[in-house]
Protein chains: 6
Amino acid sequence: MEKIIAKARVLIEALPYMKKFWGSVFVIKYGGSAMTDRKFKEVFMEDIALLKYTGVKVVIVHGGGDDISALAEKLGKKPVFVDGHRVTDEGMLEIVEMVLVGKVNKDIVKSINAHGVKAVGISGKDANLIIAKKKLHKGRDIGAVGEVVRINPEILSVLDGRNFVPVIAPLGVDAWGNGYNINADSAAAEIAAALKADKLIYVTDTDGVKIKNKYVSSLNSAGIKRNIKAGQIKGGMLPKVNSAIKAVRAGVKKVHIINGTIEHSLLLEIFTREGVGTEIIK
Amino acid sequence: MEKIIAKARVLIEALPYMKKFWGSVFVIKYGGSAMTDRKFKEVFMEDIALLKYTGVKVVIVHGGGDDISALAEKLGKKPVFVDGHRVTDEGMLEIVEMVLVGKVNKDIVKSINAHGVKAVGISGKDANLIIAKKKLHKGRDIGAVGEVVRINPEILSVLDGRNFVPVIAPLGVDAWGNGYNINADSAAAEIAAALKADKLIYVTDTDGVKIKNKYVSSLNSAGIKRNIKAGQIKGGMLPKVNSAIKAVRAGVKKVHIINGTIEHSLLLEIFTREGVGTEIIK
Amino acid sequence: MEKIIAKARVLIEALPYMKKFWGSVFVIKYGGSAMTDRKFKEVFMEDIALLKYTGVKVVIVHGGGDDISALAEKLGKKPVFVDGHRVTDEGMLEIVEMVLVGKVNKDIVKSINAHGVKAVGISGKDANLIIAKKKLHKGRDIGAVGEVVRINPEILSVLDGRNFVPVIAPLGVDAWGNGYNINADSAAAEIAAALKADKLIYVTDTDGVKIKNKYVSSLNSAGIKRNIKAGQIKGGMLPKVNSAIKAVRAGVKKVHIINGTIEHSLLLEIFTREGVGTEIIK
Amino acid sequence: MEKIIAKARVLIEALPYMKKFWGSVFVIKYGGSAMTDRKFKEVFMEDIALLKYTGVKVVIVHGGGDDISALAEKLGKKPVFVDGHRVTDEGMLEIVEMVLVGKVNKDIVKSINAHGVKAVGISGKDANLIIAKKKLHKGRDIGAVGEVVRINPEILSVLDGRNFVPVIAPLGVDAWGNGYNINADSAAAEIAAALKADKLIYVTDTDGVKIKNKYVSSLNSAGIKRNIKAGQIKGGMLPKVNSAIKAVRAGVKKVHIINGTIEHSLLLEIFTREGVGTEIIK
Amino acid sequence: MEKIIAKARVLIEALPYMKKFWGSVFVIKYGGSAMTDRKFKEVFMEDIALLKYTGVKVVIVHGGGDDISALAEKLGKKPVFVDGHRVTDEGMLEIVEMVLVGKVNKDIVKSINAHGVKAVGISGKDANLIIAKKKLHKGRDIGAVGEVVRINPEILSVLDGRNFVPVIAPLGVDAWGNGYNINADSAAAEIAAALKADKLIYVTDTDGVKIKNKYVSSLNSAGIKRNIKAGQIKGGMLPKVNSAIKAVRAGVKKVHIINGTIEHSLLLEIFTREGVGTEIIK
Amino acid sequence: MEKIIAKARVLIEALPYMKKFWGSVFVIKYGGSAMTDRKFKEVFMEDIALLKYTGVKVVIVHGGGDDISALAEKLGKKPVFVDGHRVTDEGMLEIVEMVLVGKVNKDIVKSINAHGVKAVGISGKDANLIIAKKKLHKGRDIGAVGEVVRINPEILSVLDGRNFVPVIAPLGVDAWGNGYNINADSAAAEIAAALKADKLIYVTDTDGVKIKNKYVSSLNSAGIKRNIKAGQIKGGMLPKVNSAIKAVRAGVKKVHIINGTIEHSLLLEIFTREGVGTEIIK
């Protein structure tokens with residue numbers, strides 16, 4: 001009996017966080033191994049369901065890197081990257097869209113639905129959710145790579161109003177109907193900003209932001225900038241922290257970078273005293 | 001880290017129950033040591049808050065035995081009981097009302113409010129919630145002891161619509177304004193029936209219904225009647241099981257009798273595989 | 001026939017006042033003989049019902065002086081007053097709460113319900129309606145006597161939305177759950193201010209404010225202050241007029257002090273040309 | 001003071017009727033001297049305002065007899081009647097419409113508005129309120145005299161939803177756009193039936209239905225039929241009582257025939273013990 | 001087949017205008033031959049129906065000149081005009097009201113209803129829509145001729161909320177219930193201003209504003225003033241252009257003056273590239 | 001001028017159809033050359049926009065045949081068909097989903113959005129819209145080919161409530177998360193049935209149903225069955241007519257089979273007297 005009472009105590013430990021986050025908006029960027037590894041995926045879906053059933057309004061934005069390159073190669077197209085940006089000609093954009101929307105997005109939707117939560121997968125083209133424009137890289141045209149011009153969040157509020165979880169593939173569209181491949185970290189930050197989200201959570205393959213070889217649990221904008229200058233934050237972490245700074249400045253309360261390959265890291269961050277990963281505040 | 005992951009697993013174990021009970025109505029009869037002992041009380045309030053934050057619509061009906069007799073004696077009135085029914089003359093009714101509504105009810109309200117949930121304490125007289133009539137005991141007039149004639153649940157739905165938890169003192173009123181002392185077990189069952197509650201939960205001082213000296217985990221109406229006849233169910237358990245039978249017949253899905261002196265018994269019953277106490281079904 | 005036509009003319013005389021007050025909020029402080037004398041009480045309840053049926057939103061705040069002292073004395077506790085404030089130790093607070101909430105409040109609720117209007121009795125603890133803090137009297141701790149810090153009027157609008165009349169016992173609560181005995185005149189004024197009430201009406205045992213041995217029909221804040229200074233307004237009238245000044249400054253349109261022992265004084269003030277009592281404006 | 005208290009008592013005498021009729025629908029047929037005599041008119045408007053301010057939903061249907069004939073004669077058209085039905089050729093219909101809608105209706109609207117109630121005057125053509133067909137009189141075509149085929153009450157509920165009082169001129173229209181002159185007594189009864197009104201009130205120039213030279217205070221359908229057969233009810237009273245029978249059979253609770261030339265007869269009937277006129281029930 | 005495809009192309013040509021005007025408010029002043037000639041009338045009603053079914057919120061204000069004088073003369077009253085203003089004594093006002101409201105208004109309502117759209121005819125007296133005051137003409141009293149003081153648009157939004165088309169007779173009322181004859185051009189402009197209409201359209205007997213003997217397709221306020229000064233705009237066109245200037249200054253986007261005797265001129269102006277008539281902008 | 005008036009007449013010819021279909025639900029199966037040929041596509045999008053702007057609630061279900069086979073062949077998978085059903089192993093299902101959802105669906109969404117209407121593309125997996133099960137073909141397992149078990153239309157009503165046009169890729173899902181390729185004709189019919197649509201319209205490459213070498217303009221269920229038996233209806237037309245029969249039996253009012261390669265055939269069918277294609281009724 002003592003053992004099952006211990007279970008109840010854990011639920012009660014979560015209570016203050018439930019109170020705090022009931023009715024809050026969390027935008028979750030979902031990517032990396034947490035998304036591709038079957039085991040971590042299952043656990044992530046449980047966490048999403050739990051968030052939803054404790055009153056959090058969840059919006060998911062996903063990436064899709066490896067699957068895109070895999071299909072491209074099968075079709076004889078060699079992926080080309082410039083400083084981490086995928087050079088996206090018309091044929092490649094078609095591949096990106098097919099994989100992101102037709103495969104990755106629907107796979108996530110299916111998995112969430114299987115956990116008793118109703119998900120609806122859309123792309124940034126649907127309801128003109130993500131209005132974008134071409135992004136030049138150091139003045140160079142790298143194809144249909146876009147940056148966000150404006151978010152039209154109406155469709156998100158419509159879905160939320162009936163408790164559907166929106167799952168968003170990061171594609172954009174401009175006024176002439178041209179499609180764009182958008183960086184998922186950046187899309188998530190812009191959507192979080194448009195929704196004035198309470199939290200923007202990056203689910204990654206790493207334990208957070210590392211500075212001088214140690215993971216730090218909290219950073220603010222100034223600290224991030226200093227550490228970028230000092231060369232302590234770099235590589236794939238740069239778009240995340242830069243998006244994070246944009247988000248907190250636009251009104252998002254907190255950004256978290258957590259490790260999706262730690263079981264239930266999402267819940268741990270949200271519902272326990274200890275927390276995990278790095279949090280970024282204004 | 002493994003330890004905190006274990007916590008998350010417990011939350012996840014609760015997930016199927018959250019899904020099941022989200023939006024459900026639970027009427028909880030609160031009494032006995034769980035109500036009077038400060039330690040059990042604190043734990044009960046946490047459980048109520050957790051239920052509320054996981055989407056359960058909670059209605060509380062309370063008793064108040066000991067405090068009533070204590071005040072009566074201080075005032076020089078000797079409590080008289082006939083087969084467990086308090087003989088209630090006019091002076092005694094005033095004492096019952098003052099203690100139930102002015103002391104016990106407000107004390108519960110205050111404790112729930114302190115846990116971040118908004119409670120509103122009312123009696124069966126407010127908004128004519130409990131319409132009652134005089135109850136004779138074996139043909140004998142034992143004063144202002146009433147039985148429920150009709151529940152007017154409008155005020156409960158008004159309060160629920162804004163997420164207030166109603167806390168109800170079991171007093172009744174008739175068309176001429178006469179007040180009645182109502183058995184709390186019976187009042188809770190009638191309210192649960194009027195609301196077509198998903199669960200009616202008796203929080204008591206005992207581990208459930210004992211038959212042949214063993215607590216049984218499940219009973220149905222037929223089983224209860226057979227065991228009453230056989231003398232296996234008796235005493236203070238009788239009004240509970242009889243009310244339970246009435247409730248399940250009127251559409252309440254399940255009735256539970258649980259021990260409020262086991263820490264978090266309410267949560268254990270609802271959110272874990274194991275369950276506790278006795279459940280009664282149709 | 002001429003006699004019954006005269007009746008209709010009286011109804012018609014009330015018409016301009018009905019137009020004026022339809023949809024208005026009146027906070028009525030109910031106390032004194034009007035509350036304790038059975039005859040005046042009956043008439044008061046009729047007046048409340050009439051107000052309600054002509055579209056006025058009525059909120060009642062009641063006192064309870066004599067009953068409290070009576071019970072205290074029965075229980076062997078001697079009431080102690082310091083300049084009109086009841087010294088309230090823990091035992092006394094329990095008595096205050098039991099009498100106000102369990103007896104006086106429910107008695108008013110029952111009487112209103114008996115006149116075809118739906119009343120719901122609550123205290124300042126319910127839904128955290130009255131947040132209070134300890135009030136020192138001339139620097140001296142006189143126990144659980146409180147002053148209002150903030151009104152949370154949500155529960156009042158919820159009840160009004162369905163045409164329930166809130167009947168409020170003037171108890172307060174602080175963030176730690178401590179209870180306070182609040183002066184009913186002051187509680188009524190604060191509630192009227194929070195609701196931006198059209199009228200705050202003190203139902204008393206006197207014909208209004210007496211200045212130089214004559215009742216005056218109208219006063220403003222400046223006039224009150226001048227007369228307090230001049231010693232013309234004093235004693236039990238002081239908390240009323242001081243509360244009244246606060247209320248009109250906070251946006252209440254008019255405050256009335258009327259004599260509840262004049263039959264239908266409430267109606268007369270509101271629905272006839274003549275008016276009764278003293279009105280206080282900004 | 002005693003005199004003004006007497007006024008309050010009159011208001012209180014009205015209270016049970018206010019309770020009873022709050023939210024009720026009254027269709028009032030307004031005609032005769034009550035409509036044309038300035039003094040009675042003023043009093044009638046006050047009564048309408050009082051009904052409205054005590055929560056009654058009022059719908060007015062008016063006639064217009066004398067004004068129509070007056071204009072017709074000025075224009076050189078001689079009014080022709082067959083058994084009380086106005087023979088209505090095209091020119092006469094135009095006169096009927098101009099007088100009913102352009103003069104009588106707007107005059108009533110203006111008078112009600114002047115009493116602080118918002119009235120909107122429409123005819124049976126607006127929003128296709130009264131769908132009619134040609135009525136033959138004893139097989140003979142008497143022109144654009146119509147009988148009601150169907151009421152489309154949508155516009156009435158739209159107006160009521162914002163507290164506008166509909167004032168209706170009894171014209172009808174058929175599917176081809178042909179206009180019809182409808183008997184106002186009959187139109188009022190059909191509208192009352194369509195609205196399942198609580199009361200249909202005929203404001204006339206007589207004290208009610210006279211049988212054997214005495215006004216009777218109450219009649220039912222059977223009684224009316226018997227008295228028609230016996231020749232006790234006849235003439236201008238026939239369309240009223242026949243319409244009344246239709247109305248009570250269609251669900252109208254009571255029909256009243258009252259004398260609009262008795263001051264405040266409308267209020268007296270509704271708000272006093274005594275009542276006036278004849279009431280007709282099923 | 002080619003011929004019917006050409007039809008579809010016309011529908012498609014209208015599409016950009018449908019998008020543009022969906023949900024817009026158009027106030028249409030309806031008068032002249034377009035109103036009196038049966039053929040033009042029929043076509044106008046079709047146009048109104050089409051506007052309504054493509055999502056435009058239509059409000060109609062009508063005039064009634066010839067009919068008024070015709071009835072006046074039949075009744076032996078000689079119409080007197082001073083600079084185009086009808087001298088309106090009491091008898092004349094009655095005639096104006098009877099004709100405008102009882103004849104012209106109901107005739108329009110009936111015609112619209114016959115086209116599957118629900119119209120409700122009201123005057124400026126109903127719901128106090130048009131509050132007016134006496135208008136002196138060059139300091140001279142010319143009777144019940146009014147100018148608009150204030151529009152109370154509530155009734156218009158109530159009707160629009162259920163898709164009723166309001167048809168308005170330009171009568172006004174003051175606080176004492178006095179009626180006024182209002183210039184229909186001016187009433188339409190004031191109503192358009194009160195509704196912040198997207199378009200105010202004058203349906204007239206002329207192709208627009210003529211300057212130097214040529215119809216101009218577009219004018220702004222400054223241009224109008226210059227041309228009035230220069231004597232290029234004069235006569236019956238003056239009240240229209242002056243009202244138009246008022247309207248665009250008050251927030252109406254565009255005013256159009258079109259010829260109602262050109263078949264479907266209303267549709268042509270709104271749904272085709274070519275446009276007709278004169279448009280007036282700020 | 002005469003020419004532009006002719007345009008207006010065409011608009012007016014459409015008016016009775018606008019009245020008839022305002023607020024109606026049309027489910028449109030979109031496929032064949034109408035979908036793949038750029039010219040026909042552009043015209044189709046205009047037609048959809050016009051329907052939407054005249055108040056029709058449009059739901060689009062699309063196919064995607066050629067693109068699927070094209071990608072499959074590029075990836076070295078040879079499409080295999082059994083009696084017109086695509087044999088769908090796991091690899092092929094992935095290709096089907098990527099093409100349908102990631103390419104065809106988003107392309108339609110983008111094109112509709114470009115015409116000023118807000119479209120949202122979803123698949124049958126989103127919000128569990130299409131619950132399916134494996135379909136055996138003559139007892140033989142042909143892979144992930146599904147038939148519809150149940151439609152969950154909630155997401156459609158949510159989108160419609162805010163005027164979004166749902167564009168649906170015909171994929172299904174079962175309770176275990178398995179995906180299915182569903183015949184688009186059949187999916188459209190089931191969705192039309194679930195919505196009790198007014199019309200189900202198959203946009204194809206043929207002028208309708210041909211019987212004895214002539215296109216027939218109207219057929220009922222009995223006629224279809226007779227003609228199938230007689231071998232007059234066969235091949236690719238069979239799933240359409242069979243789905244049509246199911247749909248009209250389930251409450252869809254009419255089914256149309258029209259030729260999407262005739263310019264504006266959709267509008268012609270709906271908005272002109274002549275109509276095109278074959279209509280199928282119960």
# chains A, B, ... in the order shown; residues from 1 in each chain; ligands from 1
>>> closest_atom_pairs(of="range 232-281 of chain C", to="range 14-32 of chain C", cutoff="7 Å", atoms="only C-alpha atoms", output="CSV")
residue,atom,partner,partner_atom,distance
C:Ile270,CA,C:Tyr17,CA,6.9
C:Phe271,CA,C:Ala14,CA,5.0
C:Thr272,CA,C:Ala14,CA,6.1
>>> select_by_dssp(residues="range 55-159 of chain D", states="helix (DSSP H, G or I)", output="PyMOL selection string")
chain D and resi 65-74+90-113+126-128+154-159
>>> interface_residues(of="chain E", to="chain D", cutoff="6 Å", atoms="only C-alpha atoms", output="compact mmCIF listing (two decimals) with all heavy atoms, in the first residue's frame")
# COMPACT_ATOMS: atom_id res chain seq x y z
N GLU E 97 -46.96 61.32 -44.53
CA GLU E 97 -46.75 60.08 -43.79
C GLU E 97 -47.57 58.93 -44.36
O GLU E 97 -47.08 57.82 -44.51
CB GLU E 97 -47.08 60.30 -42.30
CG GLU E 97 -46.09 61.24 -41.63
CD GLU E 97 -46.28 61.32 -40.12
OE1 GLU E 97 -47.23 60.68 -39.61
OE2 GLU E 97 -45.49 62.01 -39.48
N MET E 98 -48.82 59.24 -44.68
CA MET E 98 -49.67 58.16 -45.20
C MET E 98 -49.11 57.62 -46.51
O MET E 98 -49.06 56.42 -46.74
CB MET E 98 -51.10 58.66 -45.39
CG MET E 98 -51.84 58.78 -44.06
SD MET E 98 -53.63 58.89 -44.30
CE MET E 98 -53.74 60.33 -45.34
N VAL E 101 -45.26 56.02 -45.86
CA VAL E 101 -45.20 54.81 -45.05
C VAL E 101 -46.24 53.80 -45.47
O VAL E 101 -45.98 52.60 -45.58
CB VAL E 101 -45.39 55.17 -43.56
CG1 VAL E 101 -45.34 53.91 -42.70
CG2 VAL E 101 -44.35 56.16 -43.10
N GLY E 102 -47.45 54.30 -45.72
CA GLY E 102 -48.56 53.37 -45.99
C GLY E 102 -48.61 52.91 -47.42
O GLY E 102 -49.21 51.86 -47.71
N LYS E 103 -48.01 53.64 -48.31
CA LYS E 103 -48.10 53.25 -49.71
C LYS E 103 -46.74 52.91 -50.31
O LYS E 103 -46.46 51.77 -50.65
CB LYS E 103 -48.76 54.38 -50.51
CG LYS E 103 -49.14 53.95 -51.89
CD LYS E 103 -49.98 55.00 -52.61
CE LYS E 103 -50.15 54.58 -54.05
NZ LYS E 103 -50.34 55.73 -54.93
N LYS E 118 -36.08 38.93 -47.47
CA LYS E 118 -37.03 39.37 -46.45
C LYS E 118 -36.82 40.85 -46.14
O LYS E 118 -35.79 41.22 -45.59
CB LYS E 118 -36.85 38.56 -45.17
CG LYS E 118 -37.01 37.06 -45.32
CD LYS E 118 -36.63 36.32 -44.03
CE LYS E 118 -35.18 36.56 -43.68
NZ LYS E 118 -34.76 35.89 -42.42
N ALA E 119 -37.80 41.67 -46.46
CA ALA E 119 -37.69 43.10 -46.18
C ALA E 119 -38.62 43.48 -45.03
O ALA E 119 -39.69 42.87 -44.85
CB ALA E 119 -38.05 43.91 -47.42
N VAL E 120 -38.22 44.50 -44.27
CA VAL E 120 -39.06 45.06 -43.21
C VAL E 120 -39.07 46.57 -43.40
O VAL E 120 -38.02 47.21 -43.40
CB VAL E 120 -38.52 44.71 -41.81
CG1 VAL E 120 -39.30 45.47 -40.74
CG2 VAL E 120 -38.63 43.21 -41.56
N ASP E 126 -39.94 54.78 -36.10
CA ASP E 126 -39.87 53.48 -35.43
C ASP E 126 -38.53 53.35 -34.73
O ASP E 126 -37.48 53.66 -35.30
CB ASP E 126 -40.07 52.37 -36.46
CG ASP E 126 -41.46 52.41 -37.05
OD1 ASP E 126 -42.40 52.05 -36.32
OD2 ASP E 126 -41.62 52.86 -38.20
N ALA E 127 -38.61 52.87 -33.47
CA ALA E 127 -37.40 52.72 -32.67
C ALA E 127 -36.60 54.01 -32.62
O ALA E 127 -35.40 53.99 -32.41
CB ALA E 127 -36.53 51.58 -33.22
>>> residues_around(residues="Val255 in chain B", least_positions_apart="5", cutoff="7 Å", atoms="only C-alpha atoms", output="PyMOL selection string")
chain B and resi 199-201+244+279-281
>>> write_last_selection(atoms="N, CA, C and O atoms", output="PDB file, in the first residue's frame")
ATOM      1  N   LYS B 199     -19.527   9.367 -10.783  1.00  0.00           N
ATOM      2  CA  LYS B 199     -19.167   8.665  -9.546  1.00  0.00           C
ATOM      3  C   LYS B 199     -19.773   9.386  -8.362  1.00  0.00           C
ATOM      4  O   LYS B 199     -19.840  10.610  -8.341  1.00  0.00           O
ATOM      5  N   LEU B 200     -20.178   8.559  -7.371  1.00  0.00           N
ATOM      6  CA  LEU B 200     -20.531   9.060  -6.037  1.00  0.00           C
ATOM      7  C   LEU B 200     -19.537   8.394  -5.107  1.00  0.00           C
ATOM      8  O   LEU B 200     -19.442   7.164  -5.090  1.00  0.00           O
ATOM      9  N   ILE B 201     -18.769   9.177  -4.346  1.00  0.00           N
ATOM     10  CA  ILE B 201     -17.697   8.614  -3.533  1.00  0.00           C
ATOM     11  C   ILE B 201     -17.941   8.948  -2.065  1.00  0.00           C
ATOM     12  O   ILE B 201     -18.037  10.130  -1.705  1.00  0.00           O
ATOM     13  N   ALA B 244     -26.479   4.160  -1.955  1.00  0.00           N
ATOM     14  CA  ALA B 244     -25.719   3.762  -3.143  1.00  0.00           C
ATOM     15  C   ALA B 244     -26.619   3.031  -4.138  1.00  0.00           C
ATOM     16  O   ALA B 244     -26.569   3.278  -5.347  1.00  0.00           O
ATOM     17  N   GLU B 279     -16.328  -0.794  -4.544  1.00  0.00           N
ATOM     18  CA  GLU B 279     -17.127  -0.108  -5.556  1.00  0.00           C
ATOM     19  C   GLU B 279     -18.483  -0.787  -5.692  1.00  0.00           C
ATOM     20  O   GLU B 279     -18.599  -2.006  -5.559  1.00  0.00           O
ATOM     21  N   ILE B 280     -19.514   0.009  -5.896  1.00  0.00           N
ATOM     22  CA  ILE B 280     -20.871  -0.529  -6.001  1.00  0.00           C
ATOM     23  C   ILE B 280     -21.433  -0.153  -7.359  1.00  0.00           C
ATOM     24  O   ILE B 280     -21.418   1.030  -7.740  1.00  0.00           O
ATOM     25  N   ILE B 281     -21.887  -1.159  -8.098  1.00  0.00           N
ATOM     26  CA  ILE B 281     -22.458  -0.894  -9.418  1.00  0.00           C
ATOM     27  C   ILE B 281     -23.899  -1.399  -9.454  1.00  0.00           C
ATOM     28  O   ILE B 281     -24.383  -2.024  -8.499  1.00  0.00           O
TER      29      ILE B 281
END
>>> residues_around(residues="range 227-239 of chain B", least_positions_apart="3", cutoff="7 Å", atoms="only C-alpha atoms", output="list in words")
Asp185, Ile211, Lys212, Gly223, Ile224, Asn242 and Ser243 of chain B
>>> select_by_dssp(residues="range 69-218 of chain C", states="strand (DSSP E)", output="JSON, numbers by chain")
{"C": [81, 82, 85, 86, 119, 120, 121, 122, 123, 130, 131, 132, 133, 134, 135, 136, 137, 140, 141, 142, 143, 144, 145, 146, 147, 148, 149, 150, 151, 165, 166, 167, 168, 169, 171, 172, 173, 179, 180, 181, 182, 199, 200, 201, 202, 203, 204, 210, 211, 214, 215, 218]}
>>> residues_around(residues="range 36-42 of chain C", least_positions_apart="4", cutoff="7 Å", atoms="only C-alpha atoms", output="list in words")
Gly32, Glu46, Gly260, Thr261 and Glu263 of chain C
>>> atom_distance(atom1="CA of Ile108 in chain B", atom2="CA of Val82 in chain B")
28.6 Å
>>> residues_around(residues="range 147-153 of chain E", least_positions_apart="2", cutoff="9 Å", atoms="only C-alpha atoms", output="list in words")
Gly124, Ala127, Asn128, Leu129, Ile130, Ile131, Ala132, Lys133, Lys134, Lys135, Val145, Ile155, Leu156, Ser157, Val158, Gly172, Asp174, Tyr180, Asn181, Ile182, Asn183, Ser186, Ala187, Glu190, Ile191, Ala194 and Leu195 of chain E
